[in-house]
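One file, work27.cif, carrying mmCIF, C-alpha atoms:
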data_run
loop_
_atom_site.group_PDB
_atom_site.id
_atom_site.type_symbol
_atom_site.label_atom_id
_atom_site.label_comp_id
_atom_site.auth_asym_id
_atom_site.auth_seq_id
_atom_site.Cartn_x
_atom_site.Cartn_y
_atom_site.Cartn_z
ATOM 1 C CA MET A 1428 -49.749 19.627 93.042
ATOM 2 C CA ALA A 1429 -46.571 20.832 91.454
ATOM 3 C CA PRO A 1430 -44.638 18.391 89.293
ATOM 4 C CA THR A 1431 -41.443 17.116 90.869
ATOM 5 C CA ASN A 1432 -38.225 16.472 89.079
ATOM 6 C CA SER A 1433 -36.450 13.413 90.298
ATOM 7 C CA VAL A 1434 -33.600 11.284 89.075
ATOM 8 C CA VAL A 1435 -33.475 7.575 89.740
ATOM 9 C CA LEU A 1436 -29.970 6.203 90.268
ATOM 10 C CA PRO A 1437 -29.221 2.537 89.666
ATOM 11 C CA ALA A 1438 -28.853 0.413 92.721
ATOM 12 C CA GLY A 1439 -25.352 -0.854 93.477
ATOM 13 C CA PRO A 1440 -21.878 0.563 93.776
ATOM 14 C CA PRO A 1441 -21.043 3.450 91.454
ATOM 15 C CA GLU A 1442 -18.651 2.698 88.596
ATOM 16 C CA VAL A 1443 -15.369 4.543 88.587
ATOM 17 C CA LEU A 1444 -13.639 5.404 85.334
ATOM 18 C CA VAL A 1445 -9.892 6.002 85.598
ATOM 19 C CA VAL A 1446 -8.195 7.980 82.850
ATOM 20 C CA ALA A 1447 -4.432 7.635 82.771
ATOM 21 C CA LYS A 1448 -2.297 10.577 81.810
ATOM 22 C CA PRO A 1449 -0.550 9.919 78.462
ATOM 23 C CA ALA A 1450 3.191 9.454 78.531
ATOM 24 C CA PRO A 1451 5.238 12.425 77.308
ATOM 25 C CA PRO A 1452 6.432 12.108 73.698
ATOM 26 C CA VAL A 1453 9.902 10.709 73.196
ATOM 27 C CA GLN A 1454 12.196 13.281 71.685
ATOM 28 C CA ALA A 1455 14.637 12.125 69.037
ATOM 29 C CA GLU A 1456 18.263 12.960 69.549
ATOM 30 C CA VAL A 1457 19.343 16.041 67.683
ATOM 31 C CA SER A 1458 22.600 15.925 65.780
ATOM 32 C CA PRO A 1459 25.063 18.755 66.432
ATOM 33 C CA ARG A 1460 24.635 19.901 62.843
ATOM 34 C CA GLN A 1461 20.887 20.260 63.274
ATOM 35 C CA ALA A 1462 21.195 21.898 66.658
ATOM 36 C CA HIS A 1463 23.187 24.796 65.207
ATOM 37 C CA ALA A 1464 21.322 25.156 61.909
ATOM 38 C CA SER A 1465 18.810 27.987 61.723
ATOM 39 C CA ASN A 1466 16.591 25.953 59.372
ATOM 40 C CA PRO A 1467 17.129 22.290 60.258
ATOM 41 C CA VAL A 1468 16.638 19.665 57.559
ATOM 42 C CA PRO A 1469 14.704 16.581 58.635
ATOM 43 C CA GLU A 1470 16.630 13.341 58.560
ATOM 44 C CA THR A 1471 14.139 11.840 56.103
ATOM 45 C CA VAL A 1472 15.031 14.324 53.358
ATOM 46 C CA ARG A 1473 17.538 12.943 50.914
ATOM 47 C CA ARG A 1474 19.384 14.894 48.320
ATOM 48 C CA ARG A 1475 19.253 13.917 44.680
ATOM 49 C CA GLU A 1476 22.383 12.596 43.162
ATOM 50 C CA ARG A 1477 24.019 14.867 40.650
ATOM 51 C CA ARG A 1478 24.214 13.502 37.155
ATOM 52 C CA PRO A 1479 26.805 14.618 34.631
ATOM 53 C CA ILE A 1480 25.536 16.995 31.971
ATOM 54 C CA GLN A 1481 25.242 15.247 28.641
ATOM 55 C CA ALA A 1482 26.857 16.937 25.687
ATOM 56 C CA ARG A 1483 24.416 18.507 23.256
ATOM 57 C CA LYS A 1484 24.262 17.238 19.745
ATOM 58 C CA SER A 1485 25.728 19.665 17.282
ATOM 59 C CA GLY A 1486 23.353 21.346 14.904
ATOM 60 C CA PRO A 1487 20.714 24.047 15.012
ATOM 61 C CA LEU A 1488 18.668 24.352 18.136
ATOM 62 C CA ALA A 1489 15.018 23.556 17.754
ATOM 63 C CA GLU A 1490 12.837 26.585 18.342
ATOM 64 C CA PRO A 1491 9.940 26.148 20.728
ATOM 65 C CA ALA A 1492 6.646 25.692 18.983
ATOM 66 C CA GLN A 1493 4.656 28.907 18.811
ATOM 67 C CA PRO A 1494 0.922 28.436 19.166
ATOM 68 C CA ASN A 1495 -0.937 29.534 16.090
ATOM 69 C CA VAL A 1496 -3.688 31.977 16.957
ATOM 70 C CA ALA A 1497 -5.903 30.495 14.248
ATOM 71 C CA ASP A 1498 -5.480 27.020 15.798
ATOM 72 C CA SER A 1499 -6.446 28.109 19.303
ATOM 73 C CA PRO A 1500 -9.902 27.042 20.378
ATOM 74 C CA PRO A 1501 -12.585 29.722 20.674
ATOM 75 C CA ALA A 1502 -13.688 31.006 24.044
ATOM 76 C CA LEU A 1503 -15.904 28.550 25.861
ATOM 77 C CA GLU A 1504 -19.574 29.333 25.432
ATOM 78 C CA PRO A 1505 -22.630 27.188 25.819
ATOM 79 C CA VAL A 1506 -23.543 25.408 22.618
ATOM 80 C CA ARG A 1507 -26.695 26.978 21.209
ATOM 81 C CA SER A 1508 -28.774 26.176 18.201
ATOM 82 C CA LEU A 1509 -29.140 28.771 15.486
ATOM 83 C CA GLN A 1510 -32.633 29.600 16.733
ATOM 84 C CA GLN A 1511 -31.340 30.075 20.299
ATOM 85 C CA GLN A 1512 -28.584 32.381 19.054
ATOM 86 C CA ILE A 1513 -31.059 34.461 17.072
ATOM 87 C CA SER A 1514 -33.392 34.668 20.056
ATOM 88 C CA LEU A 1515 -30.559 35.690 22.395
ATOM 89 C CA GLU A 1516 -29.327 38.350 19.985
ATOM 90 C CA GLU A 1517 -32.860 39.749 19.610
ATOM 91 C CA SER A 1518 -33.279 39.963 23.378
ATOM 92 C CA ILE A 1519 -29.885 41.689 23.680
ATOM 93 C CA LEU A 1520 -30.784 44.239 21.009
ATOM 94 C CA SER A 1521 -34.216 44.845 22.544
ATOM 95 C CA LEU A 1522 -32.801 45.395 26.047
ATOM 96 C CA ARG A 1523 -30.017 47.581 24.658
ATOM 97 C CA SER A 1524 -32.547 49.759 22.856
ATOM 98 C CA ALA A 1525 -34.720 50.112 25.957
ATOM 99 C CA VAL A 1526 -31.714 50.998 28.122
ATOM 100 C CA ARG A 1527 -30.592 53.659 25.611
ATOM 101 C CA VAL A 1528 -34.025 55.317 25.746
ATOM 102 C CA ARG A 1529 -33.943 55.306 29.553
ATOM 103 C CA ILE A 1530 -30.405 56.762 29.548
ATOM 104 C CA GLN A 1531 -31.519 59.588 27.224
ATOM 105 C CA ARG A 1532 -34.471 60.350 29.510
ATOM 106 C CA LEU A 1533 -32.250 60.371 32.631
ATOM 107 C CA ALA A 1534 -29.622 62.553 30.913
ATOM 108 C CA ARG A 1535 -32.162 65.379 30.679
ATOM 109 C CA GLN A 1536 -32.711 65.349 34.436
ATOM 110 C CA GLN A 1537 -30.659 66.973 37.147
ATOM 111 C CA LEU A 1538 -28.612 64.085 38.634
ATOM 112 C CA SER A 1539 -26.253 63.878 41.587
ATOM 113 C CA SER A 1540 -22.593 63.334 40.803
ATOM 114 C CA ALA A 1541 -22.883 59.678 41.873
ATOM 115 C CA ASP A 1542 -25.883 59.131 39.606
ATOM 116 C CA GLN A 1543 -24.120 60.917 36.735
ATOM 117 C CA LYS A 1544 -21.121 58.597 37.213
ATOM 118 C CA ALA A 1545 -23.425 55.561 37.192
ATOM 119 C CA LEU A 1546 -25.099 56.856 34.021
ATOM 120 C CA ASP A 1547 -21.693 57.251 32.354
ATOM 121 C CA ASP A 1548 -20.774 53.715 33.403
ATOM 122 C CA ALA A 1549 -24.022 52.438 31.866
ATOM 123 C CA ARG A 1550 -23.087 54.177 28.597
ATOM 124 C CA VAL A 1551 -19.688 52.481 28.672
ATOM 125 C CA PHE A 1552 -21.343 49.096 29.224
ATOM 126 C CA LEU A 1553 -23.598 49.736 26.210
ATOM 127 C CA SER A 1554 -20.623 50.570 23.988
ATOM 128 C CA GLN A 1555 -18.886 47.406 25.195
ATOM 129 C CA THR A 1556 -22.093 45.524 24.402
ATOM 130 C CA ASP A 1557 -21.913 46.734 20.802
ATOM 131 C CA GLN A 1558 -18.293 45.573 20.513
ATOM 132 C CA ALA A 1559 -19.097 42.153 22.005
ATOM 133 C CA ILE A 1560 -21.936 41.714 19.495
ATOM 134 C CA LYS A 1561 -19.555 42.594 16.641
ATOM 135 C CA ASP A 1562 -17.096 40.017 18.010
ATOM 136 C CA GLY A 1563 -19.860 37.410 18.118
ATOM 137 C CA ASN A 1564 -19.656 36.995 21.883
ATOM 138 C CA LEU A 1565 -23.352 36.917 22.705
ATOM 139 C CA GLN A 1566 -22.984 35.832 26.320
ATOM 140 C CA GLU A 1567 -20.591 38.687 27.092
ATOM 141 C CA SER A 1568 -22.843 41.186 25.340
ATOM 142 C CA MET A 1569 -25.837 39.939 27.365
ATOM 143 C CA ASN A 1570 -23.863 40.353 30.590
ATOM 144 C CA LEU A 1571 -22.818 43.891 29.648
ATOM 145 C CA VAL A 1572 -26.285 45.084 28.627
ATOM 146 C CA HIS A 1573 -27.655 43.565 31.835
ATOM 147 C CA LYS A 1574 -25.095 45.557 33.877
ATOM 148 C CA ALA A 1575 -26.149 48.742 32.079
ATOM 149 C CA ASP A 1576 -29.801 47.912 32.795
ATOM 150 C CA LEU A 1577 -29.090 47.413 36.500
ATOM 151 C CA LEU A 1578 -27.240 50.730 36.774
ATOM 152 C CA VAL A 1579 -30.047 52.620 35.045
ATOM 153 C CA ALA A 1580 -32.660 50.915 37.233
ATOM 154 C CA ALA A 1581 -30.746 51.954 40.362
ATOM 155 C CA ILE A 1582 -30.697 55.592 39.199
ATOM 156 C CA GLU A 1583 -34.405 55.462 38.383
ATOM 157 C CA ARG A 1584 -35.220 54.161 41.885
ATOM 158 C CA ARG A 1585 -33.435 57.149 43.450
ATOM 159 C CA GLN A 1586 -35.367 59.683 41.332
#
Go ahead and render the structure in this file as C-alpha coordinates.
Amino acid sequence: MAPTNSVVLPAGPPEVLVVAKPAPPVQAEVSPRQAHASNPVPETVRRRERRPIQARKSGPLAEPAQPNVADSPPALEPVRSLQQQISLEESILSLRSAVRVRIQRLARQQLSSADQKALDDARVFLSQTDQAIKDGNLQESMNLVHKADLLVAAIERRQ
(Lines of atoms letter the chains of each structure in order from A and count residues from 1; the text may use other names and numbers.)
(Lines give C-alpha, C1' and ligand atoms only; values in the text may rest on other atoms or scores of the structure.)
Protein backbone atom coordinates (compact mmCIF):
# COMPACT_ATOMS: atom_id res chain seq x y z
CA MET A 1 0.00 0.00 0.00
CA ALA A 2 1.14 3.48 -0.83
CA PRO A 3 1.01 6.09 1.91
CA THR A 4 -1.75 8.65 1.49
CA ASN A 5 -1.49 12.29 2.29
CA SER A 6 -4.60 13.68 3.83
CA VAL A 7 -5.53 16.84 5.64
CA VAL A 8 -8.15 16.88 8.35
CA LEU A 9 -10.21 20.07 8.49
CA PRO A 10 -11.96 21.10 11.69
CA ALA A 11 -15.65 20.54 11.80
CA GLY A 12 -17.83 23.65 11.73
CA PRO A 13 -18.14 26.79 9.69
CA PRO A 14 -14.90 28.23 8.32
CA GLU A 15 -13.65 31.44 9.93
CA VAL A 16 -13.44 34.48 7.73
CA LEU A 17 -10.81 37.14 8.34
CA VAL A 18 -11.62 40.58 6.93
CA VAL A 19 -8.77 43.00 6.36
CA ALA A 20 -9.84 46.60 5.91
CA LYS A 21 -7.97 48.82 3.53
CA PRO A 22 -6.12 51.58 5.45
CA ALA A 23 -7.36 55.11 5.03
CA PRO A 24 -5.25 57.34 2.77
CA PRO A 25 -2.86 59.64 4.66
CA VAL A 26 -4.11 63.13 5.36
CA GLN A 27 -2.05 65.70 3.54
CA ALA A 28 -1.21 68.90 5.37
CA GLU A 29 -2.05 72.14 3.66
CA VAL A 30 0.87 73.66 1.84
CA SER A 31 1.50 77.36 2.25
CA PRO A 32 1.95 79.38 -0.94
CA ARG A 33 5.54 80.09 0.06
CA GLN A 34 6.33 76.39 0.31
CA ALA A 35 4.48 75.54 -2.87
CA HIS A 36 6.75 77.79 -4.93
CA ALA A 37 10.03 77.07 -3.14
CA SER A 38 12.38 74.66 -4.87
CA ASN A 39 13.66 73.39 -1.51
CA PRO A 40 10.79 73.74 0.96
CA VAL A 41 11.59 74.23 4.64
CA PRO A 42 9.50 72.16 7.04
CA GLU A 43 7.28 74.12 9.37
CA THR A 44 9.01 72.61 12.41
CA VAL A 45 12.34 74.25 11.58
CA ARG A 46 12.89 77.46 13.48
CA ARG A 47 15.57 79.97 12.82
CA ARG A 48 17.94 81.05 15.55
CA GLU A 49 17.63 84.55 16.78
CA ARG A 50 20.48 86.82 15.86
CA ARG A 51 22.44 88.18 18.76
CA PRO A 52 24.41 91.41 18.61
CA ILE A 53 28.16 90.98 18.28
CA GLN A 54 29.90 91.83 21.51
CA ALA A 55 32.78 94.25 21.31
CA ARG A 56 36.19 92.67 21.77
CA LYS A 57 38.30 93.70 24.67
CA SER A 58 41.24 95.80 23.63
CA GLY A 59 44.65 94.26 23.96
CA PRO A 60 46.73 91.63 22.21
CA LEU A 61 44.93 88.68 20.76
CA ALA A 62 45.70 85.38 22.37
CA GLU A 63 47.46 83.02 20.00
CA PRO A 64 46.05 79.53 19.73
CA ALA A 65 48.00 76.99 21.69
CA GLN A 66 50.42 75.05 19.52
CA PRO A 67 50.81 71.42 20.50
CA ASN A 68 54.32 70.61 21.57
CA VAL A 69 55.68 67.65 19.66
CA ALA A 70 57.56 66.47 22.75
CA ASP A 71 54.29 66.50 24.74
CA SER A 72 52.36 64.41 22.22
CA PRO A 73 51.77 60.84 23.26
CA PRO A 74 53.70 58.11 21.44
CA ALA A 75 52.02 55.94 18.86
CA LEU A 76 49.76 53.34 20.41
CA GLU A 77 51.46 49.98 20.74
CA PRO A 78 50.72 47.04 22.95
CA VAL A 79 52.49 47.26 26.28
CA ARG A 80 55.27 44.68 26.36
CA SER A 81 57.72 43.71 29.01
CA LEU A 82 61.41 44.15 28.34
CA GLN A 83 61.75 40.41 27.73
CA GLN A 84 58.87 40.47 25.22
CA GLN A 85 60.45 43.40 23.38
CA ILE A 86 63.80 41.63 23.19
CA SER A 87 62.13 38.45 21.95
CA LEU A 88 60.14 40.34 19.31
CA GLU A 89 63.22 42.19 18.09
CA GLU A 90 65.18 38.92 17.86
CA SER A 91 62.42 37.31 15.81
CA ILE A 92 62.29 40.36 13.52
CA LEU A 93 66.05 40.28 12.98
CA SER A 94 66.03 36.52 12.39
CA LEU A 95 63.21 36.71 9.82
CA ARG A 96 64.83 39.72 8.15
CA SER A 97 68.10 37.83 7.80
CA ALA A 98 66.38 34.76 6.35
CA VAL A 99 64.41 36.88 3.87
CA ARG A 100 67.60 38.66 2.73
CA VAL A 101 69.28 35.31 2.00
CA ARG A 102 66.23 34.16 0.02
CA ILE A 103 66.16 37.46 -1.92
CA GLN A 104 69.86 37.06 -2.83
CA ARG A 105 69.21 33.50 -4.04
CA LEU A 106 66.19 34.60 -6.13
CA ALA A 107 68.11 37.56 -7.59
CA ARG A 108 70.50 35.14 -9.29
CA GLN A 109 67.65 33.41 -11.10
CA GLN A 110 65.89 34.42 -14.28
CA LEU A 111 62.59 35.98 -13.07
CA SER A 112 59.55 37.27 -14.92
CA SER A 113 58.96 41.00 -14.82
CA ALA A 114 56.15 40.51 -12.28
CA ASP A 115 58.39 38.42 -10.03
CA GLN A 116 61.21 40.95 -10.39
CA LYS A 117 58.80 43.71 -9.33
CA ALA A 118 57.70 41.65 -6.32
CA LEU A 119 61.35 41.04 -5.41
CA ASP A 120 62.04 44.78 -5.58
CA ASP A 121 59.01 45.44 -3.38
CA ALA A 122 60.33 42.90 -0.85
CA ARG A 123 63.65 44.78 -0.79
CA VAL A 124 61.80 48.03 -0.13
CA PHE A 125 59.89 46.40 2.74
CA LEU A 126 63.20 45.22 4.24
CA SER A 127 64.68 48.72 4.08
CA GLN A 128 61.53 50.08 5.72
CA THR A 129 61.91 47.37 8.36
CA ASP A 130 65.39 48.66 9.18
CA GLN A 131 64.08 52.21 9.55
CA ALA A 132 61.19 51.09 11.78
CA ILE A 133 63.64 49.23 14.03
CA LYS A 134 65.80 52.37 14.29
CA ASP A 135 62.67 54.34 15.21
CA GLY A 136 61.82 51.78 17.89
CA ASN A 137 58.55 50.78 16.24
CA LEU A 138 58.78 47.02 16.64
CA GLN A 139 55.22 46.24 15.59
CA GLU A 140 55.60 48.16 12.33
CA SER A 141 58.94 46.51 11.63
CA MET A 142 57.39 43.07 12.23
CA ASN A 143 54.57 43.88 9.81
CA LEU A 144 57.03 45.05 7.14
CA VAL A 145 59.37 42.06 7.40
CA HIS A 146 56.32 39.78 7.28
CA LYS A 147 55.17 41.48 4.04
CA ALA A 148 58.63 40.95 2.55
CA ASP A 149 58.51 37.29 3.62
CA LEU A 150 55.12 36.79 1.97
CA LEU A 151 56.29 38.34 -1.31
CA VAL A 152 59.41 36.17 -1.40
CA ALA A 153 57.38 33.05 -0.58
CA ALA A 154 55.00 33.82 -3.46
CA ILE A 155 57.94 34.12 -5.89
CA GLU A 156 59.44 30.88 -4.59
CA ARG A 157 56.14 29.02 -5.16
CA ARG A 158 56.12 30.11 -8.82
CA GLN A 159 59.69 28.87 -9.42
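Of note, CA of Leu1515 (chain A) and CA of Asp1542 (chain A) are spaced 29.5 Å apart.
In this model, the gap between CA of Arg1523 (chain A) and CA of Asp1557 (chain A) comes to 9.0 Å.
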Set the distance at 7 Å and use only C-alpha atoms: which residues neighbour Leu1578 (chain A) once local chain neighbours fewer than 4 positions away are removed? I'd like the list as a PyMOL selection string.
chain A and resi 1545+1549+1574+1582
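Applied to this file, the PyMOL selection byres ((chain A and resi 1555) around 12) selects the residues Arg1523, Asp1548, Ala1549, Arg1550, Val1551, Phe1552, Leu1553, Ser1554, Thr1556, Asp1557, Gln1558, Ala1559, Ile1560, Lys1561, Asp1562, Asn1564, Leu1565, Glu1567, Ser1568, Met1569, Asn1570, Leu1571, Val1572, His1573, Lys1574 and Ala1575 of chain A.
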Near Gln1512 (chain A), within 10 Å and counting all atoms listed in the file, which residues show up once chain neighbours fewer than 5 positions away are dropped, as a list in words?
Val1506, Arg1507, Glu1517, Ser1518, Leu1565 and Gln1566 of chain A
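Across the structure, CA of Ser1524 (chain A) and CA of Ser1508 (chain A) are spaced 24.3 Å apart.
Between Val1579 (chain A) and the residues A:Arg1529, A:Ser1521, A:Arg1535, A:Gly1563, the shortest atom-to-atom distance, using all atoms listed in the file, involves A:Arg1529.
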Of the residues A:Leu1546, A:Ser1539, A:Gln1531, A:Gln1511, which is the one nearest to Ala1580 (chain A), using all atoms listed in the file?
A:Leu1546
